[in-house]
Amino acid sequence: MREKLKDSVFKIWIGLSTSLVFIVVVYIFLYIFINGAGSINGEFLFSAPKGMPIGSEGGIFPAIVGSLLLMVIACAFASILAISTAIYLVFYCTSEKVKRLIHLIIQCMSGVPSIILGLFGYTLLVLHLGFGRSLISGGITLGVMIFPYIQVRVEKTLIEVDKAVITSSYALGVSKVYTLFKLIFPMCKFDIVSAITLAGGFAIGAAAPVILTAAVIFAPVPESIFSPVMALPFHLYILTGEGISLEKAYGTALVLMLILLVINIISVILNFTRKEHE
Amino acid sequence: MRKIREKIFEILIKMLTLFSVLILAFVVIFIFKESLTFFKEVSLLKFITGRRWNPLGPPEELSILNIIWGTVYVSLVAIAIALPIGIGTAVVLSCYTNRNVKRLIRGIVDILAGVPSVIYGFVGLLVVVKFFEVNLSLASGESVLSGGIVLSVMLLPFIVSTCDESMEKIYREYSQSSRALGVSKSYMIRNLLLPASKRSILASVVLALGRGMGETMAVMMVIGNASIIPRLLGKAQTIPSLIALEMGMAEVGSLHYHALIASGFVLMIMLLIINGLLYVIKNRMDI
């Protein structure tokens with residue numbers, strides 16, 4: 001009898017937990033989609049914020065552009081370094097000790113919270129190097145944030161390449177660089193691009209580093225990499241935190257979610273294409 | 001000619017790797033160096049045991065004990081809420097589902113992990129905080145509890161994926177023999193699987209604690225940001241939100257500015273200890 005009771009309690013517990021997870025996800029999405037759908041129109045998407053206080057009318061065009069530019073710079077900065085590090089670790093590094101040390105540093109880094117990176121970007125890039133609150137400061141800070149994410153995935157892909165392919169290529173007298181560019185990269189390109197895209201989604205949603213290094217309450221579409229920018233997460237925070245306009249905040253949240261959705265769909269498609277190639 | 005190209009590429013790769021590693025190491029060293037300036041003026045002990053944070057003075061008082069408590073408190077509340085739900089989901093995921101359902105649930109959990117923190121803060125402010133204000137007739141719904149609830153949703157994916165990984169392994173190992181012995185599935189999970197995955201549950205708690213303590217936006221938007229002694233239904237302040245809110249206003253080079261970097265340093269040390277703990281737990285897990 002007691003056993004039966006325990007059994008039912010257990011089953012109710014795990015059933016409830018799983019349903020709760022489902023409900024929360026569906027709730028968050030529906031909440032934002034239903035409330036935000038009304039505020040999205042051409043004007044909202046393609047004009048600058050207006051009104052007093054600024055943001056209560058008009059649109060969020062500069063914030064969309066700013067966020068996308070931040071993402072592009074972060075991805076470019078992080079992927080060059082991350083892919084190089086991955087190539088070094090897989091194809092050039094011969095010492096186990098060095099390998100372990102680099103892995104340890106990267107692992108530690110992925111645990112550092114984004115606000116600390118923001119603090120670093122603010123003191124070093126914004127103040128000491130005099131970049132000011134700008135696209136470049138924010139981009140580099142976000143780049144440092146997503147570096148471990150890209151590096152780990154690219155390294156995993158490179159390791160998974162069939163060792164026989166590489167050894168045969170070397171055995172035929174093909175150089176390392178040629179093997180890398182003509183053989184290995186074409187094999188891994190979908191995985192690498194998919195890793196970078198996902199990391200980009202991570203960067204575009206991050207607000208903490210951007211608050212300190214790049215974002216301002218209002219700026220036009222940036223003219224150079226040293227201009228301050230608007231960013232969607234920061235704009236959303238200001239609209240709600242200062243109570244400027246709830247309607248615009250819902251719209252901004254929905255646009256942010258839609259951009260992330262597009263990014264995720266791209267990476268899913270990339271994954272499919274890769275499987276078809278195999 | 002080819003030899004030279006090979007050599008150039010190799011040197012390029014090595015330099016870029018060195019550069020990345022240096023940047024990463026530099027972050028830590030830089031924060032440390034910048035906070036040393038502060039610790040020359042205010043002792044570390046006073047900084048982390050004093051209760052008053054009053055940067056605008058006079059008298060200028062910069063101690064962060066309340067804020068450290070706030071940081072830990074919010075994370076603990078979040079873990080207390082997320083842990084039972086997370087373990088329950090992990091059990092379902094590892095023992096009660098076939099491949100397709102598994103993929104669906106994992107997809108859902110991944111979505112949860114992919115939502116930006118500012119969205120959680122936004123929904124938390126409009127739903128959770130408002131709920132407390134309307135239904136509990138509190139003066140302000142911004143509290144440690146709201147922060148904990150919002151944060152718990154964000155920590156769920158970490159708990160589920162860490163637990164699920166080892167539970168699946170254990171389940172595969174024992175499910176056949178226990179079925180052959182005529183033991184029911186739920187009995188086997190309760191008396192064998194859950195005790196056996198104690199360590200991975202612990203690992204998930206530590207991981208979640210680290211993540212929670214470092215979370216900025218979602219927490220900052222719902223806890224009220226007042227550096228008083230934290231209570232469950234009262235406002236509180238966490239280190240990340242303190243930095244995010246005050247760094248832009250602090251005069252560069254002032255004591256306040258250095259105190260903020262120093263509080264970042266304290267947070268980083270706490271997280272380093274937590275990550276070390278996680279490393280130890282994970283290593284023991286494999287044996």
# chains A, B, ... in the order shown; residues from 1 in each chain; ligands from 1
$ closest_atom_pairs --of "chain A" --to "chain B" --cutoff "7 Å" --atoms "only C-alpha atoms" --output "Markdown table"
| residue | atom | partner | partner_atom | distance |
| --- | --- | --- | --- | --- |
| A:Asp7 | CA | B:Ser186 | CA | 6.4 |
| A:Trp13 | CA | B:Gly88 | CA | 6.6 |
| A:Ile14 | CA | B:Gly88 | CA | 4.2 |
| A:Ser17 | CA | B:Ile85 | CA | 4.6 |
| A:Thr18 | CA | B:Thr89 | CA | 4.8 |
| A:Val25 | CA | B:Leu112 | CA | 6.5 |
| A:Leu81 | CA | B:Leu16 | CA | 5.9 |
| A:Ser84 | CA | B:Ile13 | CA | 5.3 |
| A:Thr85 | CA | B:Thr17 | CA | 4.6 |
| A:Tyr88 | CA | B:Ile13 | CA | 6.3 |
| A:Ile102 | CA | B:Val21 | CA | 6.9 |
| A:Met109 | CA | B:Leu24 | CA | 6.5 |
| A:Pro113 | CA | B:Gly214 | CA | 4.9 |
| A:Ile115 | CA | B:Pro240 | CA | 6.0 |
| A:Ile116 | CA | B:Gly264 | CA | 6.2 |
| A:Phe120 | CA | B:Val27 | CA | 6.3 |
| A:Val177 | CA | B:Glu6 | CA | 6.1 |
| A:Gly205 | CA | B:Pro116 | CA | 4.8 |
| A:Ala206 | CA | B:Pro116 | CA | 6.4 |
| A:Ala207 | CA | B:Val118 | CA | 6.7 |
| A:Ala208 | CA | B:Thr216 | CA | 6.3 |
| A:Leu212 | CA | B:Gly248 | CA | 6.6 |
| A:Pro233 | CA | B:Val118 | CA | 6.2 |
| A:Tyr237 | CA | B:Val118 | CA | 6.9 |
| A:Ala253 | CA | B:Ile119 | CA | 6.6 |
$ write_last_selection --atoms "C-alpha atoms" --output "tab-separated table (two decimals), in the first residue's frame"
chain	number	residue	atom	x	y	z
A	7	ASP	CA	4.78	5.24	-6.71
A	13	TRP	CA	6.09	14.70	-9.43
A	14	ILE	CA	7.93	13.87	-12.63
A	17	SER	CA	7.86	18.86	-13.63
A	18	THR	CA	7.96	18.04	-17.30
A	25	VAL	CA	8.29	27.84	-22.58
A	81	LEU	CA	40.66	33.71	-32.95
A	84	SER	CA	42.93	29.60	-35.19
A	85	THR	CA	43.10	28.30	-31.64
A	88	TYR	CA	46.53	25.05	-33.44
A	102	ILE	CA	44.97	26.21	-23.06
A	109	MET	CA	36.87	31.78	-19.27
A	113	PRO	CA	30.01	36.00	-16.07
A	115	ILE	CA	29.16	41.43	-16.48
A	116	ILE	CA	32.82	40.88	-15.57
A	120	PHE	CA	36.86	44.58	-18.44
A	177	VAL	CA	47.98	24.08	-45.33
A	205	GLY	CA	20.77	38.76	-26.75
A	206	ALA	CA	23.46	39.69	-24.25
A	207	ALA	CA	22.73	42.94	-22.50
A	208	ALA	CA	25.13	43.09	-19.57
A	212	LEU	CA	28.84	49.24	-20.16
A	233	PRO	CA	18.37	44.32	-25.32
A	237	TYR	CA	15.69	47.39	-20.63
A	253	ALA	CA	11.04	42.04	-27.22
$ residues_around --residues "Tyr250 in chain A" --least-positions-apart "2" --cutoff "8 Å" --atoms "only C-alpha atoms" --output "ChimeraX atom specification"
/A:32,35-36,39,246-248,252-254
$ atom_distance --atom1 "CA of Arg106 in chain B" --atom2 "CA of Ile28 in chain A"
17.2 Å
$ residues_around --residues "Asn264 in chain A" --least-positions-apart "3" --cutoff "8 Å" --atoms "only C-alpha atoms" --output "ChimeraX atom specification"
/A:197-198,201,260-261,267-268
